[in-house]
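Reproduced below: query.txt, with compact mmCIF, C-alpha atoms and all ligand atoms.
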```txt
# COMPACT_ATOMS: atom_id res chain seq x y z
CA MET A 297 -11.62 2.94 1.16
CA LYS A 298 -8.29 3.96 -0.38
CA SER A 299 -9.34 5.32 -3.73
CA TYR A 300 -12.28 5.71 -6.06
CA GLN A 301 -12.42 5.79 -9.85
CA ALA A 302 -14.99 8.38 -10.84
CA PRO A 303 -16.73 8.02 -14.17
CA ALA A 304 -16.12 11.02 -16.45
CA ASN A 305 -19.77 12.06 -16.28
CA LEU A 306 -20.14 11.56 -12.48
CA LEU A 307 -21.39 15.09 -11.78
CA THR A 308 -23.30 15.88 -14.97
CA ASP A 309 -26.25 18.18 -14.23
CA LYS A 310 -25.15 18.77 -10.64
CA VAL A 311 -24.83 22.25 -9.17
CA ILE A 312 -22.04 22.42 -6.60
CA LEU A 313 -20.90 25.35 -4.46
CA VAL A 314 -17.21 25.38 -3.50
CA THR A 315 -15.93 27.86 -0.91
CA GLY A 316 -12.33 29.00 -1.18
CA ALA A 317 -12.48 28.05 -4.86
CA GLY A 318 -9.72 30.42 -5.94
CA ASP A 319 -6.69 28.67 -4.49
CA GLY A 320 -5.24 25.48 -3.04
CA ILE A 321 -7.49 22.47 -2.54
CA GLY A 322 -10.68 24.42 -3.32
CA LYS A 323 -9.40 25.50 -6.72
CA GLU A 324 -8.51 21.90 -7.61
CA ALA A 325 -11.93 20.72 -6.39
CA ALA A 326 -13.73 23.33 -8.49
CA LEU A 327 -11.78 22.37 -11.63
CA THR A 328 -12.26 18.64 -10.92
CA PHE A 329 -16.02 18.96 -10.35
CA ALA A 330 -16.38 20.99 -13.56
CA ARG A 331 -14.31 18.42 -15.49
CA HIS A 332 -16.76 15.76 -14.29
CA GLY A 333 -19.73 17.73 -15.57
CA ALA A 334 -20.84 19.93 -12.67
CA THR A 335 -21.88 23.55 -12.81
CA VAL A 336 -19.69 24.99 -10.09
CA ILE A 337 -20.44 28.07 -8.02
CA LEU A 338 -17.05 29.56 -7.21
CA LEU A 339 -17.13 31.37 -3.86
CA GLY A 340 -14.10 33.07 -2.34
CA LYS A 341 -12.47 36.19 -1.05
CA THR A 342 -10.22 37.29 -3.93
CA THR A 343 -12.18 37.99 -7.11
CA ASP A 344 -9.12 37.82 -9.40
CA LYS A 345 -8.42 34.25 -8.29
CA LEU A 346 -12.04 33.23 -8.87
CA THR A 347 -11.97 34.84 -12.32
CA ALA A 348 -8.84 32.84 -13.22
CA VAL A 349 -10.62 29.59 -12.25
CA TYR A 350 -13.72 30.71 -14.18
CA ASP A 351 -11.58 31.35 -17.28
CA GLU A 352 -9.85 27.97 -16.99
CA ILE A 353 -13.20 26.17 -16.78
CA CYS A 354 -14.64 28.07 -19.74
CA ALA A 355 -11.48 27.55 -21.83
CA SER A 356 -11.82 23.80 -21.23
CA GLN A 357 -15.44 23.96 -22.42
CA TRP A 358 -16.80 22.52 -19.21
CA PRO A 359 -20.16 23.84 -17.89
CA GLU A 360 -20.00 27.61 -17.33
CA PRO A 361 -19.49 28.33 -13.63
CA ALA A 362 -20.78 31.23 -11.52
CA ILE A 363 -18.67 33.53 -9.36
CA VAL A 364 -19.63 34.70 -5.86
CA PRO A 365 -17.04 37.00 -4.25
CA LEU A 366 -17.65 36.81 -0.49
CA ASP A 367 -15.40 37.29 2.53
CA LEU A 368 -16.56 34.82 5.18
CA LYS A 369 -14.97 37.02 7.83
CA GLY A 370 -17.40 39.87 7.31
CA ALA A 371 -20.42 38.03 5.88
CA SER A 372 -23.70 38.27 7.79
CA GLN A 373 -26.76 36.05 7.85
CA LYS A 374 -28.29 38.38 5.24
CA HIS A 375 -25.40 37.68 2.82
CA TYR A 376 -26.06 33.95 3.12
CA GLN A 377 -29.81 34.39 2.69
CA ASP A 378 -29.19 36.46 -0.44
CA LEU A 379 -26.79 33.78 -1.70
CA ALA A 380 -29.47 31.11 -1.18
CA ALA A 381 -32.11 33.22 -2.96
CA THR A 382 -29.77 33.80 -5.92
CA ILE A 383 -28.91 30.10 -6.27
CA LEU A 384 -32.58 29.17 -6.07
CA ALA A 385 -33.50 31.74 -8.75
CA GLU A 386 -30.58 30.80 -11.06
CA PHE A 387 -30.42 27.03 -10.65
CA GLY A 388 -33.53 25.93 -8.71
CA ARG A 389 -31.52 23.65 -6.40
CA LEU A 390 -28.09 22.88 -4.95
CA ASP A 391 -26.71 19.32 -5.21
CA GLY A 392 -23.41 19.82 -3.40
CA LEU A 393 -21.82 22.17 -0.90
CA LEU A 394 -18.07 21.93 -0.24
CA HIS A 395 -16.98 23.95 2.76
CA ASN A 396 -13.29 24.26 1.95
CA ALA A 397 -12.34 27.89 2.71
CA GLY A 398 -10.30 28.20 5.86
CA ILE A 399 -7.58 30.14 7.58
CA LEU A 400 -4.78 29.06 9.87
CA GLY A 401 -4.62 32.28 11.87
CA GLY A 402 -1.01 31.59 12.75
CA LEU A 403 0.44 29.21 15.28
CA ALA A 404 1.01 30.56 18.80
CA PRO A 405 1.58 29.40 22.36
CA PHE A 406 -1.73 29.39 24.21
CA GLU A 407 -0.89 32.44 26.31
CA HIS A 408 -0.09 34.44 23.18
CA ILE A 409 -3.27 33.71 21.23
CA LYS A 410 -4.75 37.09 20.31
CA ALA A 411 -8.48 37.46 20.90
CA ASP A 412 -9.10 38.98 17.47
CA ILE A 413 -7.26 36.15 15.68
CA TRP A 414 -9.24 33.57 17.69
CA GLN A 415 -12.46 35.32 16.61
CA ASP A 416 -11.42 35.50 12.95
CA VAL A 417 -10.46 31.82 12.78
CA LEU A 418 -13.72 30.70 14.37
CA GLN A 419 -15.68 33.09 12.13
CA VAL A 420 -14.14 31.91 8.85
CA ASN A 421 -13.72 28.21 9.70
CA LEU A 422 -16.90 27.59 11.72
CA THR A 423 -19.53 30.31 12.11
CA GLY A 424 -19.53 31.35 8.45
CA PRO A 425 -19.95 27.76 7.20
CA MET A 426 -22.66 27.16 9.83
CA LEU A 427 -24.68 30.23 8.75
CA MET A 428 -24.15 29.41 5.08
CA THR A 429 -25.35 25.83 5.58
CA GLN A 430 -28.40 27.02 7.52
CA ALA A 431 -29.38 29.46 4.76
CA LEU A 432 -28.78 26.89 1.99
CA MET A 433 -30.76 24.00 3.55
CA PRO A 434 -33.99 24.81 1.67
CA VAL A 435 -32.03 24.94 -1.62
CA LEU A 436 -30.18 21.69 -0.83
CA ARG A 437 -33.54 20.08 -0.09
CA LYS A 438 -34.67 20.84 -3.66
CA ALA A 439 -32.13 18.33 -5.05
CA ALA A 440 -33.04 14.64 -5.24
CA HIS A 441 -29.87 13.89 -3.23
CA SER A 442 -27.52 16.51 -1.88
CA SER A 443 -24.10 16.30 -0.25
CA ILE A 444 -22.59 18.66 2.30
CA VAL A 445 -18.86 18.22 2.84
CA PHE A 446 -16.97 20.03 5.58
CA THR A 447 -13.18 20.24 5.70
CA SER A 448 -11.55 19.00 8.85
CA SER A 449 -7.94 18.37 9.81
CA GLY A 450 -5.81 15.96 11.82
CA VAL A 451 -5.77 18.62 14.56
CA GLY A 452 -9.58 18.51 14.55
CA ARG A 453 -9.34 15.00 16.01
CA GLN A 454 -6.28 15.23 18.24
CA GLY A 455 -5.21 18.57 19.71
CA ARG A 456 -1.67 19.79 19.10
CA ALA A 457 0.43 22.37 20.95
CA TYR A 458 0.38 25.87 19.38
CA TRP A 459 -2.49 25.12 16.99
CA GLY A 460 -5.06 26.58 19.45
CA SER A 461 -7.70 28.47 17.47
CA TYR A 462 -7.35 26.44 14.26
CA ALA A 463 -7.54 23.09 16.08
CA VAL A 464 -10.59 24.18 18.07
CA SER A 465 -12.31 25.38 14.88
CA LYS A 466 -11.74 21.98 13.26
CA PHE A 467 -12.93 20.00 16.31
CA ALA A 468 -16.08 22.12 16.19
CA THR A 469 -16.41 21.47 12.46
CA GLU A 470 -16.40 17.72 13.16
CA GLY A 471 -19.04 18.30 15.83
CA LEU A 472 -21.21 20.35 13.52
CA MET A 473 -20.94 17.67 10.83
CA GLN A 474 -21.95 14.92 13.28
CA THR A 475 -24.86 16.97 14.62
CA LEU A 476 -26.22 17.75 11.16
CA ALA A 477 -25.69 14.18 9.95
CA ASP A 478 -27.75 12.89 12.87
CA GLU A 479 -30.42 15.54 12.49
CA TYR A 480 -30.87 14.97 8.74
CA ALA A 481 -30.37 11.19 8.80
CA GLY A 482 -32.89 9.50 6.52
CA SER A 483 -33.45 12.69 4.51
CA SER A 484 -32.13 13.51 1.03
CA ILE A 485 -29.23 15.45 2.58
CA ARG A 486 -26.01 13.73 3.67
CA VAL A 487 -23.25 15.42 5.65
CA ASN A 488 -19.62 14.31 5.93
CA CYS A 489 -16.10 15.61 6.58
CA ILE A 490 -12.89 15.29 4.63
CA ASN A 491 -9.53 15.43 6.35
CA PRO A 492 -7.21 16.33 3.45
CA GLY A 493 -3.98 15.41 5.25
CA ALA A 494 -0.71 17.25 4.60
CA THR A 495 -1.12 18.86 1.18
CA ARG A 496 1.07 21.14 -0.93
CA THR A 497 -0.71 24.52 -0.60
CA SER A 498 0.14 27.99 0.66
CA MET A 499 -1.61 27.28 3.99
CA ARG A 500 0.59 24.24 4.59
CA ALA A 501 3.69 26.28 3.64
CA ARG A 502 2.73 28.90 6.24
CA ALA A 503 2.35 26.22 8.94
CA TYR A 504 5.56 24.34 8.01
CA PRO A 505 7.87 26.86 6.30
CA ALA A 506 10.96 24.63 6.63
CA GLU A 507 9.63 21.42 5.08
CA ASN A 508 10.27 20.24 1.54
CA ALA A 509 6.90 20.82 -0.12
CA GLN A 510 7.85 18.61 -3.06
CA LYS A 511 7.44 15.58 -0.81
CA LEU A 512 3.79 16.45 -0.08
CA LYS A 513 0.73 15.21 -1.93
CA THR A 514 -0.82 17.77 -4.25
CA PRO A 515 -4.50 18.81 -4.17
CA ALA A 516 -5.02 16.70 -7.32
CA ASP A 517 -3.96 13.57 -5.39
CA LEU A 518 -6.92 14.02 -3.01
CA MET A 519 -9.67 14.49 -5.56
CA TRP A 520 -10.84 10.86 -5.62
CA LEU A 521 -12.48 11.41 -2.21
CA TYR A 522 -13.98 14.79 -3.10
CA LEU A 523 -15.52 13.20 -6.20
CA TYR A 524 -16.78 10.21 -4.27
CA LEU A 525 -18.56 12.33 -1.66
CA MET A 526 -20.09 14.67 -4.26
CA GLY A 527 -21.33 11.93 -6.57
CA ASP A 528 -24.30 9.63 -6.14
CA ASP A 529 -22.08 6.62 -5.30
CA SER A 530 -21.90 8.03 -1.75
CA ILE A 531 -25.65 8.48 -1.29
CA ASN A 532 -25.62 6.17 1.75
CA ILE A 533 -22.58 7.72 3.41
CA ASN A 534 -23.57 10.06 6.25
CA GLY A 535 -21.85 11.33 9.38
CA GLN A 536 -18.37 10.12 8.39
CA SER A 537 -15.03 11.86 8.69
CA LEU A 538 -12.90 10.44 5.89
CA ASP A 539 -9.18 10.76 5.16
CA ALA A 540 -8.13 11.82 1.68
CA GLN A 541 -4.73 10.29 2.41
CA PRO A 542 -5.61 7.07 4.24
CA LYS A 543 -2.71 5.18 5.82
P1 LIG B 1 -5.22 27.77 1.04
O1 LIG B 1 -4.76 28.82 1.99
O2 LIG B 1 -4.33 27.37 -0.09
O3 LIG B 1 -6.62 28.18 0.42
C1 LIG B 1 -7.66 28.61 1.27
C2 LIG B 1 -8.80 29.11 0.45
O4 LIG B 1 -9.78 29.66 1.36
C3 LIG B 1 -8.40 30.24 -0.50
O5 LIG B 1 -9.10 30.10 -1.71
C4 LIG B 1 -8.85 31.48 0.25
O6 LIG B 1 -9.18 32.57 -0.57
C5 LIG B 1 -10.11 30.97 0.96
N1 LIG B 1 -10.41 31.84 2.08
C6 LIG B 1 -9.61 32.14 3.12
N2 LIG B 1 -10.21 33.04 3.91
C7 LIG B 1 -11.41 33.31 3.36
C8 LIG B 1 -12.47 34.18 3.70
N3 LIG B 1 -12.40 34.98 4.77
N4 LIG B 1 -13.56 34.22 2.91
C9 LIG B 1 -13.63 33.45 1.79
N5 LIG B 1 -12.65 32.62 1.42
C10 LIG B 1 -11.55 32.55 2.19
O7 LIG B 1 -5.58 26.51 1.95
P2 LIG B 1 -5.70 24.95 1.61
O8 LIG B 1 -6.14 24.76 0.23
O9 LIG B 1 -4.49 24.29 2.11
O10 LIG B 1 -6.87 24.54 2.63
C11 LIG B 1 -8.18 24.23 2.22
C12 LIG B 1 -8.89 23.59 3.40
O11 LIG B 1 -8.22 22.39 3.78
C13 LIG B 1 -8.91 24.47 4.65
O12 LIG B 1 -10.17 24.32 5.30
C14 LIG B 1 -7.80 23.88 5.51
O13 LIG B 1 -8.02 24.13 6.87
C15 LIG B 1 -7.92 22.42 5.16
N6 LIG B 1 -6.71 21.62 5.40
C16 LIG B 1 -5.57 21.82 4.65
C17 LIG B 1 -4.45 21.03 4.85
C18 LIG B 1 -3.19 21.22 4.07
O14 LIG B 1 -2.19 20.53 4.37
N7 LIG B 1 -3.15 22.09 3.07
C19 LIG B 1 -4.45 19.95 5.87
C20 LIG B 1 -5.70 19.83 6.60
C21 LIG B 1 -6.77 20.64 6.35
P3 LIG B 1 -8.07 33.70 -0.91
O15 LIG B 1 -6.96 32.96 -1.59
O16 LIG B 1 -8.81 34.64 -1.74
O17 LIG B 1 -7.65 34.25 0.43
```

Reformat the file's structure so that it appears as structure tokens.
Amino acid sequence: MKSYQAPANLLTDKVILVTGAGDGIGKEAALTFARHGATVILLGKTTDKLTAVYDEICASQWPEPAIVPLDLKGASQKHYQDLAATILAEFGRLDGLLHNAGILGGLAPFEHIKADIWQDVLQVNLTGPMLMTQALMPVLRKAAHSSIVFTSSGVGRQGRAYWGSYAVSKFATEGLMQTLADEYAGSSIRVNCINPGATRTSMRARAYPAENAQKLKTPADLMWLYLYLMGDDSININGQSLDAQPK
């Protein structure tokens, strides 16, 4: 599939949690989901950025979002259980979960990878999303159909020199997605990955400081796939890793 035209009301009455909703691709996804009718739960590290997204959604008169400031680096199982309890109490269910937050951790030759950076990258990109998903499963099960979307990368499919911790975290993300998709196959919960491809964000600028960012796709260019996987047109899609910039 190369694109998808989402109806304006695609996500009406859906409750969707977006991690890393304050910046980059996550911010665009949060705004796009709200524009298509969803109540978006904005989760991220920097409260000011989340508040700015909240204000933009409210100013546009889309459904009022909720804000959850949470640093995936320090969050424990208890934080995720509390998050699940709050969503259940406030909304009664969760229709969509977009795991978008991520860190690069810096590129380094293998012998220079610092143990603490390795740990941080795996914590934020893999362990945090795993624990969050585990805690949210009962709330996702309350929806008639729910969609979990993980964020992968080209280096999560083919390793690349100097991308050590980040690449490993994304390979593991693909593995977690496949495992969950198989385990929940036939249930109301579907699980897939998006590989955004090179996109004009601050993470990309950190990885490729010398490139001309104006030549890159913007987060808005990718949203057709995010909408497709969150809306009911993808109910039968499970266990796939899809490219937001297909060749
Ligand atoms: P950005 O760096 O622009 O945004 C990352 C988001 O994640 C920010 O909102 C950030 O919050 C949040 N975040 C980072 N660390 C934490 C944390 N510890 N706890 C909570 N939230 C956190 O990145 P992109 O938008 O480019 O990337 C989004 C996703 O897409 C990532 O998973 C990335 O790996 C993936 N990706 C991106 C590509 C690209 O070319 N841009 C290509 C392939 C994959 P804050 O701003 O508050 O720190």

Original post:
When the cut-off is 6 Å and you count all atoms listed in the file, which residues lie near ligand LIG 1 (chain B), shown as number ranges by chain?
Top reply: A: 316-322, 340-342, 366-369, 396-399, 420, 447-449, 491-500

Take the residues from that selection and write them out as a PDB file, in the frame of the given file, keeping C-alpha atoms.
```
ATOM      1  CA  GLY A 316     -12.330  29.000  -1.180  1.00  0.00           C
ATOM      2  CA  ALA A 317     -12.480  28.050  -4.860  1.00  0.00           C
ATOM      3  CA  GLY A 318      -9.720  30.420  -5.940  1.00  0.00           C
ATOM      4  CA  ASP A 319      -6.690  28.670  -4.490  1.00  0.00           C
ATOM      5  CA  GLY A 320      -5.240  25.480  -3.040  1.00  0.00           C
ATOM      6  CA  ILE A 321      -7.490  22.470  -2.540  1.00  0.00           C
ATOM      7  CA  GLY A 322     -10.680  24.420  -3.320  1.00  0.00           C
ATOM      8  CA  GLY A 340     -14.100  33.070  -2.340  1.00  0.00           C
ATOM      9  CA  LYS A 341     -12.470  36.190  -1.050  1.00  0.00           C
ATOM     10  CA  THR A 342     -10.220  37.290  -3.930  1.00  0.00           C
ATOM     11  CA  LEU A 366     -17.650  36.810  -0.490  1.00  0.00           C
ATOM     12  CA  ASP A 367     -15.400  37.290   2.530  1.00  0.00           C
ATOM     13  CA  LEU A 368     -16.560  34.820   5.180  1.00  0.00           C
ATOM     14  CA  LYS A 369     -14.970  37.020   7.830  1.00  0.00           C
ATOM     15  CA  ASN A 396     -13.290  24.260   1.950  1.00  0.00           C
ATOM     16  CA  ALA A 397     -12.340  27.890   2.710  1.00  0.00           C
ATOM     17  CA  GLY A 398     -10.300  28.200   5.860  1.00  0.00           C
ATOM     18  CA  ILE A 399      -7.580  30.140   7.580  1.00  0.00           C
ATOM     19  CA  VAL A 420     -14.140  31.910   8.850  1.00  0.00           C
ATOM     20  CA  THR A 447     -13.180  20.240   5.700  1.00  0.00           C
ATOM     21  CA  SER A 448     -11.550  19.000   8.850  1.00  0.00           C
ATOM     22  CA  SER A 449      -7.940  18.370   9.810  1.00  0.00           C
ATOM     23  CA  ASN A 491      -9.530  15.430   6.350  1.00  0.00           C
ATOM     24  CA  PRO A 492      -7.210  16.330   3.450  1.00  0.00           C
ATOM     25  CA  GLY A 493      -3.980  15.410   5.250  1.00  0.00           C
ATOM     26  CA  ALA A 494      -0.710  17.250   4.600  1.00  0.00           C
ATOM     27  CA  THR A 495      -1.120  18.860   1.180  1.00  0.00           C
ATOM     28  CA  ARG A 496       1.070  21.140  -0.930  1.00  0.00           C
ATOM     29  CA  THR A 497      -0.710  24.520  -0.600  1.00  0.00           C
ATOM     30  CA  SER A 498       0.140  27.990   0.660  1.00  0.00           C
ATOM     31  CA  MET A 499      -1.610  27.280   3.990  1.00  0.00           C
ATOM     32  CA  ARG A 500       0.590  24.240   4.590  1.00  0.00           C
TER      33      ARG A 500
END
```

Original post:
Smallest atom-to-atom distance to Gly527 in chain A: which of A:Asp391, A:Asp478, A:Glu352, A:Asp416, using all atoms listed in the file?
Top reply: A:Asp391

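The nearest approach to Leu339 in chain A among the residues A:Phe467, A:Ser372, A:Gly388, A:Pro425, with only C-alpha atoms taken into account, belongs to A:Pro425.
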
Subject >> For Ala516 in chain A, the nearest of the candidates A:Gln373, A:Ala540, A:Asp412, A:Gly424, counting all atoms listed in the file >> reply: A:Ala540

**OP:** May I ask for the distance between CA of Asn534 in chain A and CA of Ala431 in chain A, given in Å to one decimal place?
**Re:**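 It comes out at 20.3 Å.
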
Original post:
When distances are computed from all atoms listed in the file, which of A:Ala385, A:Ala481, A:Leu379, A:Leu538 shows the smallest separation from Gly450 in chain A?
Top reply: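 Of the candidates, the smallest distance to Gly450 in chain A is held by A:Leu538.
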
**OP:** Provide the CA of Met428 in chain A to CA of Tyr300 in chain A distance in Å, to one decimal place.
**Re:**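 Separation of CA of Met428 in chain A and CA of Tyr300 in chain A: 28.8 Å.
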
Just add N, CA, C and O atoms to range 377-393 of chain A and send it as a compact mmCIF listing (two decimals), in the coordinates of the input.
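result-v2.txt, freshly written:
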```
# COMPACT_ATOMS: atom_id res chain seq x y z
N GLN A 377 -28.43 34.50 3.18
CA GLN A 377 -29.81 34.39 2.69
C GLN A 377 -29.91 34.87 1.25
O GLN A 377 -30.60 34.26 0.42
N ASP A 378 -29.19 35.96 0.94
CA ASP A 378 -29.19 36.46 -0.44
C ASP A 378 -28.54 35.44 -1.38
O ASP A 378 -29.01 35.24 -2.51
N LEU A 379 -27.47 34.81 -0.90
CA LEU A 379 -26.79 33.78 -1.70
C LEU A 379 -27.78 32.65 -2.01
O LEU A 379 -27.89 32.19 -3.17
N ALA A 380 -28.51 32.21 -1.00
CA ALA A 380 -29.47 31.11 -1.18
C ALA A 380 -30.56 31.52 -2.18
O ALA A 380 -30.92 30.73 -3.07
N ALA A 381 -31.05 32.76 -2.06
CA ALA A 381 -32.11 33.22 -2.96
C ALA A 381 -31.59 33.27 -4.40
O ALA A 381 -32.30 32.89 -5.35
N THR A 382 -30.34 33.71 -4.57
CA THR A 382 -29.77 33.80 -5.92
C THR A 382 -29.61 32.41 -6.53
O THR A 382 -29.94 32.18 -7.70
N ILE A 383 -29.10 31.47 -5.74
CA ILE A 383 -28.91 30.10 -6.27
C ILE A 383 -30.26 29.49 -6.64
O ILE A 383 -30.42 28.85 -7.68
N LEU A 384 -31.24 29.71 -5.78
CA LEU A 384 -32.58 29.17 -6.07
C LEU A 384 -33.13 29.76 -7.37
O LEU A 384 -33.65 29.03 -8.22
N ALA A 385 -32.97 31.08 -7.54
CA ALA A 385 -33.50 31.74 -8.75
C ALA A 385 -32.74 31.28 -10.00
O ALA A 385 -33.33 31.06 -11.05
N GLU A 386 -31.40 31.12 -9.87
CA GLU A 386 -30.58 30.80 -11.06
C GLU A 386 -30.63 29.32 -11.42
O GLU A 386 -30.64 28.96 -12.58
N PHE A 387 -30.61 28.46 -10.38
CA PHE A 387 -30.42 27.03 -10.65
C PHE A 387 -31.57 26.15 -10.14
O PHE A 387 -31.67 24.99 -10.51
N GLY A 388 -32.36 26.68 -9.21
CA GLY A 388 -33.53 25.93 -8.71
C GLY A 388 -33.20 24.89 -7.65
O GLY A 388 -34.08 24.30 -7.03
N ARG A 389 -31.90 24.65 -7.40
CA ARG A 389 -31.52 23.65 -6.40
C ARG A 389 -30.00 23.72 -6.19
O ARG A 389 -29.30 24.37 -6.96
N LEU A 390 -29.53 23.03 -5.15
CA LEU A 390 -28.09 22.88 -4.95
C LEU A 390 -27.84 21.41 -4.62
O LEU A 390 -28.42 20.87 -3.66
N ASP A 391 -26.97 20.75 -5.41
CA ASP A 391 -26.71 19.32 -5.21
C ASP A 391 -25.52 19.07 -4.28
O ASP A 391 -25.43 17.99 -3.70
N GLY A 392 -24.62 20.05 -4.21
CA GLY A 392 -23.41 19.82 -3.40
C GLY A 392 -22.91 21.11 -2.80
O GLY A 392 -23.02 22.19 -3.41
N LEU A 393 -22.38 21.01 -1.59
CA LEU A 393 -21.82 22.17 -0.90
C LEU A 393 -20.49 21.73 -0.28
O LEU A 393 -20.49 20.91 0.64
```
